[in-house]
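K.L.:
Have a peek at final_24.cif (mmCIF, N, CA and C atoms and all ligand atoms).
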data_start
loop_
_atom_site.group_PDB
_atom_site.id
_atom_site.type_symbol
_atom_site.label_atom_id
_atom_site.label_comp_id
_atom_site.auth_asym_id
_atom_site.auth_seq_id
_atom_site.Cartn_x
_atom_site.Cartn_y
_atom_site.Cartn_z
ATOM 1 N N MET A 1 -30.735 -5.291 18.643
ATOM 2 C CA MET A 1 -29.783 -5.606 17.597
ATOM 3 C C MET A 1 -28.610 -4.639 17.685
ATOM 4 N N THR A 2 -27.399 -5.185 17.519
ATOM 5 C CA THR A 2 -26.197 -4.356 17.607
ATOM 6 C C THR A 2 -25.746 -3.924 16.222
ATOM 7 N N ALA A 3 -25.515 -2.654 16.068
ATOM 8 C CA ALA A 3 -25.023 -2.152 14.785
ATOM 9 C C ALA A 3 -23.515 -2.392 14.685
ATOM 10 N N THR A 4 -23.072 -2.900 13.564
ATOM 11 C CA THR A 4 -21.638 -3.079 13.362
ATOM 12 C C THR A 4 -21.175 -2.136 12.266
ATOM 13 N N LYS A 5 -20.037 -1.557 12.491
ATOM 14 C CA LYS A 5 -19.498 -0.622 11.515
ATOM 15 C C LYS A 5 -18.565 -1.389 10.584
ATOM 16 N N GLU A 6 -18.866 -1.369 9.317
ATOM 17 C CA GLU A 6 -18.019 -2.068 8.360
ATOM 18 C C GLU A 6 -16.735 -1.276 8.133
ATOM 19 N N LYS A 7 -15.626 -2.000 8.061
ATOM 20 C CA LYS A 7 -14.342 -1.323 7.865
ATOM 21 C C LYS A 7 -14.135 -0.974 6.406
ATOM 22 N N LYS A 8 -13.456 0.155 6.214
ATOM 23 C CA LYS A 8 -13.150 0.605 4.859
ATOM 24 C C LYS A 8 -11.683 0.344 4.571
ATOM 25 N N LYS A 9 -11.398 -0.094 3.362
ATOM 26 C CA LYS A 9 -10.022 -0.310 2.916
ATOM 27 C C LYS A 9 -9.556 0.979 2.247
ATOM 28 N N ILE A 10 -8.519 1.588 2.814
ATOM 29 C CA ILE A 10 -8.084 2.897 2.327
ATOM 30 C C ILE A 10 -6.601 2.862 1.971
ATOM 31 N N PHE A 11 -6.267 3.368 0.787
ATOM 32 C CA PHE A 11 -4.865 3.476 0.371
ATOM 33 C C PHE A 11 -4.169 4.521 1.242
ATOM 34 N N VAL A 12 -2.989 4.168 1.774
ATOM 35 C CA VAL A 12 -2.295 5.118 2.642
ATOM 36 C C VAL A 12 -0.895 5.492 2.165
ATOM 37 N N ALA A 13 -0.239 4.604 1.395
ATOM 38 C CA ALA A 13 1.128 4.920 0.969
ATOM 39 C C ALA A 13 1.574 3.929 -0.092
ATOM 40 N N ASP A 14 2.555 4.344 -0.868
ATOM 41 C CA ASP A 14 3.248 3.387 -1.720
ATOM 42 C C ASP A 14 4.254 2.658 -0.847
ATOM 43 N N ARG A 15 4.409 1.391 -1.083
ATOM 44 C CA ARG A 15 5.335 0.563 -0.309
ATOM 45 C C ARG A 15 6.747 1.149 -0.325
ATOM 46 N N ASN A 16 7.164 1.693 -1.460
ATOM 47 C CA ASN A 16 8.540 2.214 -1.549
ATOM 48 C C ASN A 16 8.725 3.556 -0.834
ATOM 49 N N GLU A 17 7.671 4.099 -0.250
ATOM 50 C CA GLU A 17 7.815 5.296 0.602
ATOM 51 C C GLU A 17 8.254 4.899 2.008
ATOM 52 N N LEU A 18 8.164 3.604 2.331
ATOM 53 C CA LEU A 18 8.475 3.135 3.685
ATOM 54 C C LEU A 18 9.882 2.555 3.732
ATOM 55 N N SER A 19 10.552 2.722 4.858
ATOM 56 C CA SER A 19 11.892 2.166 5.054
ATOM 57 C C SER A 19 11.904 1.377 6.349
ATOM 58 N N ILE A 20 12.606 0.244 6.331
ATOM 59 C CA ILE A 20 12.759 -0.535 7.557
ATOM 60 C C ILE A 20 13.490 0.314 8.587
ATOM 61 N N GLY A 21 12.956 0.381 9.786
ATOM 62 C CA GLY A 21 13.603 1.142 10.849
ATOM 63 C C GLY A 21 13.118 2.576 10.975
ATOM 64 N N LEU A 22 12.217 2.985 10.074
ATOM 65 C CA LEU A 22 11.679 4.351 10.144
ATOM 66 C C LEU A 22 10.158 4.299 10.104
ATOM 67 N N GLY A 23 9.522 4.961 11.048
ATOM 68 C CA GLY A 23 8.067 5.043 11.033
ATOM 69 C C GLY A 23 7.613 6.111 10.053
ATOM 70 N N LYS A 24 6.374 5.997 9.624
ATOM 71 C CA LYS A 24 5.797 7.032 8.756
ATOM 72 C C LYS A 24 4.396 7.360 9.252
ATOM 73 N N GLN A 25 4.143 8.643 9.444
ATOM 74 C CA GLN A 25 2.811 9.069 9.883
ATOM 75 C C GLN A 25 1.897 9.275 8.682
ATOM 76 N N VAL A 26 0.687 8.770 8.789
ATOM 77 C CA VAL A 26 -0.331 9.033 7.778
ATOM 78 C C VAL A 26 -1.647 9.320 8.502
ATOM 79 N N SER A 27 -2.509 10.074 7.832
ATOM 80 C CA SER A 27 -3.837 10.336 8.397
ATOM 81 C C SER A 27 -4.872 9.655 7.538
ATOM 82 N N VAL A 28 -5.768 8.930 8.171
ATOM 83 C CA VAL A 28 -6.775 8.171 7.462
ATOM 84 C C VAL A 28 -8.118 8.385 8.138
ATOM 85 N N ASP A 29 -9.036 8.994 7.406
ATOM 86 C CA ASP A 29 -10.397 9.093 7.919
ATOM 87 C C ASP A 29 -10.430 9.724 9.315
ATOM 88 N N GLY A 30 -9.584 10.719 9.534
ATOM 89 C CA GLY A 30 -9.561 11.399 10.825
ATOM 90 C C GLY A 30 -8.733 10.707 11.888
ATOM 91 N N VAL A 31 -8.113 9.586 11.539
ATOM 92 C CA VAL A 31 -7.275 8.851 12.489
ATOM 93 C C VAL A 31 -5.816 9.014 12.059
ATOM 94 N N VAL A 32 -4.936 9.336 13.014
ATOM 95 C CA VAL A 32 -3.515 9.475 12.697
ATOM 96 C C VAL A 32 -2.829 8.156 13.040
ATOM 97 N N LEU A 33 -2.175 7.581 12.037
ATOM 98 C CA LEU A 33 -1.545 6.276 12.174
ATOM 99 C C LEU A 33 -0.037 6.381 11.999
ATOM 100 N N ALA A 34 0.656 5.382 12.523
ATOM 101 C CA ALA A 34 2.083 5.212 12.277
ATOM 102 C C ALA A 34 2.259 3.886 11.541
ATOM 103 N N LEU A 35 2.956 3.944 10.405
ATOM 104 C CA LEU A 35 3.232 2.739 9.624
ATOM 105 C C LEU A 35 4.676 2.316 9.853
ATOM 106 N N PHE A 36 4.884 0.996 9.940
ATOM 107 C CA PHE A 36 6.234 0.460 10.135
ATOM 108 C C PHE A 36 6.437 -0.715 9.187
ATOM 109 N N LEU A 37 7.443 -0.611 8.333
ATOM 110 C CA LEU A 37 7.804 -1.709 7.436
ATOM 111 C C LEU A 37 8.719 -2.676 8.178
ATOM 112 N N GLN A 38 8.363 -3.963 8.127
ATOM 113 C CA GLN A 38 9.172 -4.986 8.790
ATOM 114 C C GLN A 38 10.145 -5.624 7.802
ATOM 115 N N SER A 39 11.155 -6.288 8.326
ATOM 116 C CA SER A 39 12.177 -6.883 7.457
ATOM 117 C C SER A 39 11.614 -7.998 6.577
ATOM 118 N N ASP A 40 10.464 -8.581 6.950
ATOM 119 C CA ASP A 40 9.868 -9.617 6.113
ATOM 120 C C ASP A 40 8.942 -9.038 5.046
ATOM 121 N N GLY A 41 8.904 -7.706 4.945
ATOM 122 C CA GLY A 41 8.096 -7.060 3.916
ATOM 123 C C GLY A 41 6.686 -6.720 4.345
ATOM 124 N N THR A 42 6.284 -7.190 5.531
ATOM 125 C CA THR A 42 4.956 -6.833 6.015
ATOM 126 C C THR A 42 4.983 -5.409 6.579
ATOM 127 N N VAL A 43 3.809 -4.838 6.719
ATOM 128 C CA VAL A 43 3.691 -3.476 7.255
ATOM 129 C C VAL A 43 2.735 -3.519 8.443
ATOM 130 N N ASN A 44 3.118 -2.894 9.537
ATOM 131 C CA ASN A 44 2.245 -2.769 10.700
ATOM 132 C C ASN A 44 1.723 -1.336 10.787
ATOM 133 N N ALA A 45 0.485 -1.206 11.189
ATOM 134 C CA ALA A 45 -0.129 0.117 11.359
ATOM 135 C C ALA A 45 -0.725 0.205 12.749
ATOM 136 N N ILE A 46 -0.304 1.209 13.497
ATOM 137 C CA ILE A 46 -0.844 1.433 14.841
ATOM 138 C C ILE A 46 -1.208 2.909 14.988
ATOM 139 N N GLU A 47 -2.059 3.155 15.951
ATOM 140 C CA GLU A 47 -2.420 4.530 16.295
ATOM 141 C C GLU A 47 -1.129 5.278 16.645
ATOM 142 N N ASN A 48 -0.987 6.505 16.123
ATOM 143 C CA ASN A 48 0.267 7.237 16.323
ATOM 144 C C ASN A 48 0.234 8.082 17.585
ATOM 145 N N ALA A 49 -0.141 7.480 18.687
ATOM 146 C CA ALA A 49 -0.212 8.203 19.958
ATOM 147 C C ALA A 49 0.130 7.219 21.072
ATOM 148 N N CYS A 50 1.260 7.437 21.689
ATOM 149 C CA CYS A 50 1.726 6.552 22.755
ATOM 150 C C CYS A 50 0.680 6.430 23.872
ATOM 151 N N PRO A 51 0.509 5.220 24.414
ATOM 152 C CA PRO A 51 -0.479 5.046 25.488
ATOM 153 C C PRO A 51 -0.088 5.764 26.784
ATOM 154 N N HIS A 52 1.157 6.223 26.895
ATOM 155 C CA HIS A 52 1.573 6.957 28.093
ATOM 156 C C HIS A 52 1.013 8.373 28.054
ATOM 157 N N LYS A 53 1.573 9.229 27.190
ATOM 158 C CA LYS A 53 1.078 10.613 27.122
ATOM 159 C C LYS A 53 0.945 11.107 25.689
ATOM 160 N N GLY A 54 0.706 10.164 24.792
ATOM 161 C CA GLY A 54 0.375 10.557 23.417
ATOM 162 C C GLY A 54 1.544 10.887 22.513
ATOM 163 N N GLY A 55 2.744 10.496 22.875
ATOM 164 C CA GLY A 55 3.916 10.773 22.032
ATOM 165 C C GLY A 55 3.753 10.202 20.625
ATOM 166 N N PRO A 56 4.373 10.876 19.630
ATOM 167 C CA PRO A 56 4.235 10.430 18.236
ATOM 168 C C PRO A 56 5.131 9.226 17.945
ATOM 169 N N LEU A 57 4.545 8.047 17.944
ATOM 170 C CA LEU A 57 5.340 6.822 17.802
ATOM 171 C C LEU A 57 6.040 6.735 16.454
ATOM 172 N N SER A 58 5.511 7.405 15.436
ATOM 173 C CA SER A 58 6.161 7.370 14.115
ATOM 174 C C SER A 58 7.547 8.018 14.156
ATOM 175 N N ASP A 59 7.816 8.827 15.171
ATOM 176 C CA ASP A 59 9.126 9.487 15.305
ATOM 177 C C ASP A 59 10.073 8.711 16.215
ATOM 178 N N GLY A 60 9.636 7.563 16.711
ATOM 179 C CA GLY A 60 10.451 6.809 17.654
ATOM 180 C C GLY A 60 11.539 5.992 16.980
ATOM 181 N N ILE A 61 12.432 5.491 17.794
ATOM 182 C CA ILE A 61 13.496 4.614 17.303
ATOM 183 C C ILE A 61 12.932 3.200 17.210
ATOM 184 N N VAL A 62 13.140 2.591 16.049
ATOM 185 C CA VAL A 62 12.579 1.263 15.785
ATOM 186 C C VAL A 62 13.638 0.197 16.024
ATOM 187 N N SER A 63 13.217 -0.879 16.685
ATOM 188 C CA SER A 63 14.081 -2.030 16.883
ATOM 189 C C SER A 63 13.246 -3.274 16.593
ATOM 190 N N GLY A 64 13.484 -3.886 15.445
ATOM 191 C CA GLY A 64 12.669 -5.036 15.060
ATOM 192 C C GLY A 64 11.219 -4.624 14.961
ATOM 193 N N GLU A 65 10.355 -5.364 15.662
ATOM 194 C CA GLU A 65 8.934 -5.034 15.587
ATOM 195 C C GLU A 65 8.497 -4.070 16.693
ATOM 196 N N HIS A 66 9.453 -3.490 17.405
ATOM 197 C CA HIS A 66 9.120 -2.552 18.476
ATOM 198 C C HIS A 66 9.566 -1.135 18.130
ATOM 199 N N VAL A 67 8.876 -0.179 18.743
ATOM 200 C CA VAL A 67 9.283 1.215 18.593
ATOM 201 C C VAL A 67 9.381 1.825 19.992
ATOM 202 N N PHE A 68 10.402 2.657 20.179
ATOM 203 C CA PHE A 68 10.591 3.346 21.454
ATOM 204 C C PHE A 68 10.033 4.757 21.319
ATOM 205 N N CYS A 69 9.083 5.076 22.172
ATOM 206 C CA CYS A 69 8.447 6.392 22.107
ATOM 207 C C CYS A 69 9.498 7.495 22.258
ATOM 208 N N PRO A 70 9.438 8.518 21.404
ATOM 209 C CA PRO A 70 10.448 9.591 21.468
ATOM 210 C C PRO A 70 10.340 10.474 22.715
ATOM 211 N N LEU A 71 9.231 10.393 23.442
ATOM 212 C CA LEU A 71 9.088 11.279 24.606
ATOM 213 C C LEU A 71 9.697 10.689 25.879
ATOM 214 N N HIS A 72 9.288 9.475 26.254
ATOM 215 C CA HIS A 72 9.788 8.916 27.520
ATOM 216 C C HIS A 72 10.261 7.486 27.375
ATOM 217 N N ASP A 73 10.472 7.051 26.130
ATOM 218 C CA ASP A 73 11.144 5.781 25.845
ATOM 219 C C ASP A 73 10.351 4.519 26.165
ATOM 220 N N TRP A 74 9.049 4.609 26.282
ATOM 221 C CA TRP A 74 8.288 3.363 26.420
ATOM 222 C C TRP A 74 8.501 2.541 25.164
ATOM 223 N N LYS A 75 8.509 1.219 25.323
ATOM 224 C CA LYS A 75 8.698 0.296 24.212
ATOM 225 C C LYS A 75 7.337 -0.285 23.835
ATOM 226 N N ILE A 76 6.941 -0.056 22.589
ATOM 227 C CA ILE A 76 5.620 -0.465 22.118
ATOM 228 C C ILE A 76 5.774 -1.453 20.975
ATOM 229 N N SER A 77 5.001 -2.518 20.996
ATOM 230 C CA SER A 77 5.003 -3.461 19.883
ATOM 231 C C SER A 77 4.222 -2.863 18.719
ATOM 232 N N THR A 78 4.840 -2.818 17.540
ATOM 233 C CA THR A 78 4.109 -2.319 16.370
ATOM 234 C C THR A 78 3.182 -3.401 15.816
ATOM 235 N N LYS A 79 3.306 -4.610 16.354
ATOM 236 C CA LYS A 79 2.476 -5.714 15.890
ATOM 237 C C LYS A 79 1.198 -5.842 16.715
ATOM 238 N N THR A 80 1.339 -5.713 18.044
ATOM 239 C CA THR A 80 0.178 -5.893 18.923
ATOM 240 C C THR A 80 -0.307 -4.577 19.528
ATOM 241 N N GLY A 81 0.532 -3.541 19.478
ATOM 242 C CA GLY A 81 0.184 -2.263 20.086
ATOM 243 C C GLY A 81 0.434 -2.209 21.586
ATOM 244 N N MET A 82 0.866 -3.325 22.170
ATOM 245 C CA MET A 82 1.030 -3.397 23.626
ATOM 246 C C MET A 82 2.339 -2.754 24.096
ATOM 247 N N ALA A 83 2.260 -2.033 25.215
ATOM 248 C CA ALA A 83 3.465 -1.550 25.889
ATOM 249 C C ALA A 83 4.200 -2.764 26.462
ATOM 250 N N GLN A 84 5.506 -2.719 26.459
ATOM 251 C CA GLN A 84 6.322 -3.854 26.887
ATOM 252 C C GLN A 84 6.898 -3.605 28.282
ATOM 253 N N GLY A 85 7.377 -4.677 28.901
ATOM 254 C CA GLY A 85 8.008 -4.566 30.207
ATOM 255 C C GLY A 85 7.017 -4.170 31.277
ATOM 256 N N ALA A 86 7.463 -3.292 32.167
ATOM 257 C CA ALA A 86 6.623 -2.900 33.301
ATOM 258 C C ALA A 86 5.557 -1.884 32.915
ATOM 259 N N ASP A 87 5.700 -1.305 31.720
ATOM 260 C CA ASP A 87 4.748 -0.274 31.310
ATOM 261 C C ASP A 87 3.438 -0.903 30.858
ATOM 262 N N LYS A 88 2.348 -0.227 31.139
ATOM 263 C CA LYS A 88 1.023 -0.759 30.838
ATOM 264 C C LYS A 88 0.292 0.156 29.860
ATOM 265 N N GLY A 89 -0.359 -0.452 28.901
ATOM 266 C CA GLY A 89 -1.156 0.318 27.955
ATOM 267 C C GLY A 89 -1.088 -0.309 26.589
ATOM 268 N N CYS A 90 -1.909 0.211 25.715
ATOM 269 C CA CYS A 90 -2.003 -0.380 24.389
ATOM 270 C C CYS A 90 -2.527 0.668 23.415
ATOM 271 N N VAL A 91 -2.003 0.641 22.203
ATOM 272 C CA VAL A 91 -2.560 1.476 21.144
ATOM 273 C C VAL A 91 -3.331 0.570 20.194
ATOM 274 N N THR A 92 -4.235 1.162 19.467
ATOM 275 C CA THR A 92 -5.038 0.404 18.521
ATOM 276 C C THR A 92 -4.189 -0.014 17.328
ATOM 277 N N CYS A 93 -4.358 -1.262 16.897
ATOM 278 C CA CYS A 93 -3.693 -1.780 15.704
ATOM 279 C C CYS A 93 -4.714 -1.828 14.565
ATOM 280 N N PHE A 94 -4.222 -1.653 13.376
ATOM 281 C CA PHE A 94 -5.097 -1.673 12.205
ATOM 282 C C PHE A 94 -4.624 -2.732 11.221
ATOM 283 N N GLU A 95 -5.586 -3.409 10.607
ATOM 284 C CA GLU A 95 -5.250 -4.414 9.606
ATOM 285 C C GLU A 95 -4.664 -3.724 8.374
ATOM 286 N N VAL A 96 -3.631 -4.344 7.805
ATOM 287 C CA VAL A 96 -2.931 -3.768 6.653
ATOM 288 C C VAL A 96 -2.916 -4.781 5.517
ATOM 289 N N GLU A 97 -3.032 -4.281 4.308
ATOM 290 C CA GLU A 97 -2.848 -5.129 3.132
ATOM 291 C C GLU A 97 -1.838 -4.442 2.219
ATOM 292 N N VAL A 98 -0.850 -5.204 1.744
ATOM 293 C CA VAL A 98 0.100 -4.681 0.761
ATOM 294 C C VAL A 98 -0.153 -5.433 -0.535
ATOM 295 N N ASN A 99 -0.466 -4.681 -1.567
ATOM 296 C CA ASN A 99 -0.855 -5.304 -2.833
ATOM 297 C C ASN A 99 -0.265 -4.493 -3.982
ATOM 298 N N ASN A 100 0.545 -5.143 -4.803
ATOM 299 C CA ASN A 100 1.168 -4.468 -5.958
ATOM 300 C C ASN A 100 1.872 -3.181 -5.562
ATOM 301 N N GLY A 101 2.593 -3.227 -4.446
ATOM 302 C CA GLY A 101 3.364 -2.059 -4.022
ATOM 303 C C GLY A 101 2.553 -0.967 -3.366
ATOM 304 N N LYS A 102 1.284 -1.220 -3.154
ATOM 305 C CA LYS A 102 0.410 -0.233 -2.499
ATOM 306 C C LYS A 102 0.044 -0.732 -1.106
ATOM 307 N N VAL A 103 0.036 0.183 -0.163
ATOM 308 C CA VAL A 103 -0.292 -0.165 1.222
ATOM 309 C C VAL A 103 -1.691 0.365 1.540
ATOM 310 N N TYR A 104 -2.538 -0.547 1.999
ATOM 311 C CA TYR A 104 -3.912 -0.197 2.366
ATOM 312 C C TYR A 104 -4.125 -0.502 3.846
ATOM 313 N N VAL A 105 -4.926 0.317 4.498
ATOM 314 C CA VAL A 105 -5.278 0.078 5.901
ATOM 315 C C VAL A 105 -6.793 -0.016 5.993
ATOM 316 N N PHE A 106 -7.238 -0.917 6.863
ATOM 317 C CA PHE A 106 -8.675 -1.070 7.099
ATOM 318 C C PHE A 106 -9.054 -0.274 8.342
ATOM 319 N N VAL A 107 -9.920 0.717 8.164
ATOM 320 C CA VAL A 107 -10.341 1.544 9.305
ATOM 321 C C VAL A 107 -11.862 1.563 9.402
HETATM 322 S S1 LIG A 201 4.421 9.709 25.838
HETATM 323 FE FE1 LIG A 201 5.347 7.867 25.144
HETATM 324 S S2 LIG A 201 6.565 7.227 26.775
HETATM 325 FE FE2 LIG A 201 5.633 9.038 27.491
#
Please express what this file holds, its structure, as structure tokens.

P.N.:
Amino acid sequence: MTATKEKKKIFVADRNELSIGLGKQVSVDGVVLALFLQSDGTVNAIENACPHKGGPLSDGIVSGEHVFCPLHDWKISTKTGMAQGADKGCVTCFEVEVNNGKVYVFV
């Protein structure tokens, strides 16, 4: 029998702490995440460590649903976690819920 780990819903930020075009770093249950508010009001949460050499994606330049790593400019989707173009790699994505102005992440 395989053990499954149930995910926990954890409050991480007030919605009004987030700005479109700016990442925000939060720590949840020992995991460091980067939050990104999208223009449609949704929030994406990904592991805050670039798949190249661990750059802090929350400090990157945001363009739409992508963020450019501040260290070597890899382009990462904040929606899928996948590196774009010729670059290969992926960061973990986390499910997000926004409810009454509160942002929750499932970890
Ligand atoms: S660490 Fe992100 S591109 Fe190199």

K.L.:
Could you tell me which residues the PyMOL selection byres (((chain A and resi 22) around 7) and not hetatm) returns for this structure, as an mmCIF file with N, CA and C atoms, in the coordinates of the input?

P.N.:
data_model
loop_
_atom_site.group_PDB
_atom_site.id
_atom_site.type_symbol
_atom_site.label_atom_id
_atom_site.label_comp_id
_atom_site.auth_asym_id
_atom_site.auth_seq_id
_atom_site.Cartn_x
_atom_site.Cartn_y
_atom_site.Cartn_z
ATOM 1 N N LEU A 18 8.164 3.604 2.331
ATOM 2 C CA LEU A 18 8.475 3.135 3.685
ATOM 3 C C LEU A 18 9.882 2.555 3.732
ATOM 4 N N SER A 19 10.552 2.722 4.858
ATOM 5 C CA SER A 19 11.892 2.166 5.054
ATOM 6 C C SER A 19 11.904 1.377 6.349
ATOM 7 N N ILE A 20 12.606 0.244 6.331
ATOM 8 C CA ILE A 20 12.759 -0.535 7.557
ATOM 9 C C ILE A 20 13.490 0.314 8.587
ATOM 10 N N GLY A 21 12.956 0.381 9.786
ATOM 11 C CA GLY A 21 13.603 1.142 10.849
ATOM 12 C C GLY A 21 13.118 2.576 10.975
ATOM 13 N N GLY A 23 9.522 4.961 11.048
ATOM 14 C CA GLY A 23 8.067 5.043 11.033
ATOM 15 C C GLY A 23 7.613 6.111 10.053
ATOM 16 N N LYS A 24 6.374 5.997 9.624
ATOM 17 C CA LYS A 24 5.797 7.032 8.756
ATOM 18 C C LYS A 24 4.396 7.360 9.252
ATOM 19 N N LEU A 35 2.956 3.944 10.405
ATOM 20 C CA LEU A 35 3.232 2.739 9.624
ATOM 21 C C LEU A 35 4.676 2.316 9.853
ATOM 22 N N PHE A 36 4.884 0.996 9.940
ATOM 23 C CA PHE A 36 6.234 0.460 10.135
ATOM 24 C C PHE A 36 6.437 -0.715 9.187
ATOM 25 N N LEU A 37 7.443 -0.611 8.333
ATOM 26 C CA LEU A 37 7.804 -1.709 7.436
ATOM 27 C C LEU A 37 8.719 -2.676 8.178
ATOM 28 N N SER A 58 5.511 7.405 15.436
ATOM 29 C CA SER A 58 6.161 7.370 14.115
ATOM 30 C C SER A 58 7.547 8.018 14.156
ATOM 31 N N VAL A 62 13.140 2.591 16.049
ATOM 32 C CA VAL A 62 12.579 1.263 15.785
ATOM 33 C C VAL A 62 13.638 0.197 16.024
#

K.L.:
Can you pull out every residue with an atom within 12 Å of ligand LIG 201 (chain A)? Use only C-alpha atoms and all ligand atoms and format it as an NGL selection string.

P.N.:
:A and (48-61 or 67-76 or 83-84 or 87-91)

K.L.:
With only N, CA and C atoms as the counted atoms, please give the residues lying no more than 5 Å from Asp14 in chain A, apart from itself and same-chain residues fewer than 4 positions off, as a JSON list (two decimals) with N, CA and C atoms, keeping the file's coordinate frame.

P.N.:
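The result, written out as selection15.json:
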[["chain", "number", "residue", "atom", "x", "y", "z"],
["A", 101, "GLY", "N", 2.59, -3.23, -4.45],
["A", 101, "GLY", "CA", 3.36, -2.06, -4.02],
["A", 101, "GLY", "C", 2.55, -0.97, -3.37],
["A", 102, "LYS", "N", 1.28, -1.22, -3.15],
["A", 102, "LYS", "CA", 0.41, -0.23, -2.50],
["A", 102, "LYS", "C", 0.04, -0.73, -1.11],
["A", 103, "VAL", "N", 0.04, 0.18, -0.16],
["A", 103, "VAL", "CA", -0.29, -0.16, 1.22],
["A", 103, "VAL", "C", -1.69, 0.36, 1.54]]

K.L.:
Leaving out Thr80 in chain A and any residue of its chain fewer than 3 positions from it, which residues lie within 6.5 Å of it when counting all atoms listed in the file, given as a list of chain:residue names?

P.N.:
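Everything that qualifies: A:Ser77, A:Val91, A:Thr92, A:Cys93.
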
K.L.:
Looking at only N, CA and C atoms, which of A:Asn100, A:Phe11, A:Asp40, A:Thr78 is the one that sits closest to Val28 in chain A?

P.N.:
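Residue with the minimum atom-to-atom distance to Val28 in chain A: A:Phe11.
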
K.L.:
Of the candidates A:Gly81, A:Asp29, A:Arg15, A:Thr42, which shows the shortest atom-to-atom distance to Val107 in chain A, using only N, CA and C atoms?

P.N.:
A:Asp29

K.L.:
For CA of Lys8 in chain A and atom C of Met82 in chain A, determine how far apart the two atoms are, in Å to one decimal place.

P.N.:
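Between CA of Lys8 in chain A and atom C of Met82 in chain A the gap works out to 24.9 Å.
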
K.L.:
Take CA of Glu65 in chain A and atom N of Glu6 in chain A and report the distance between them in Å, one decimal.

P.N.:
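Here the two named atoms are 28.7 Å from each other.
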
K.L.:
Give me, as a PyMOL selection string, the residues of chain A that a backbone DSSP run labels helix (DSSP H, G or I).

P.N.:
chain A and resi 15-17+57-59

K.L.:
May I ask which of the residues A:Val26, A:Val43, A:Ala34, A:Val12 is the closest one to Val96 in chain A, counting only N, CA and C atoms?

P.N.:
A:Val43

K.L.:
Distance CA of Gly85 in chain A-CA of Val105 in chain A, one decimal place?

P.N.:
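Taking CA of Gly85 in chain A and CA of Val105 in chain A, their separation equals 28.1 Å.
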
K.L.:
Looking only at the backbone, which of the residues in chain A does DSSP tag as strand (DSSP E), as a PyMOL selection string?

P.N.:
chain A and resi 9-14+23-28+31-37+43-47+61-63+66-68+75-77+93-94+96-99+102-106
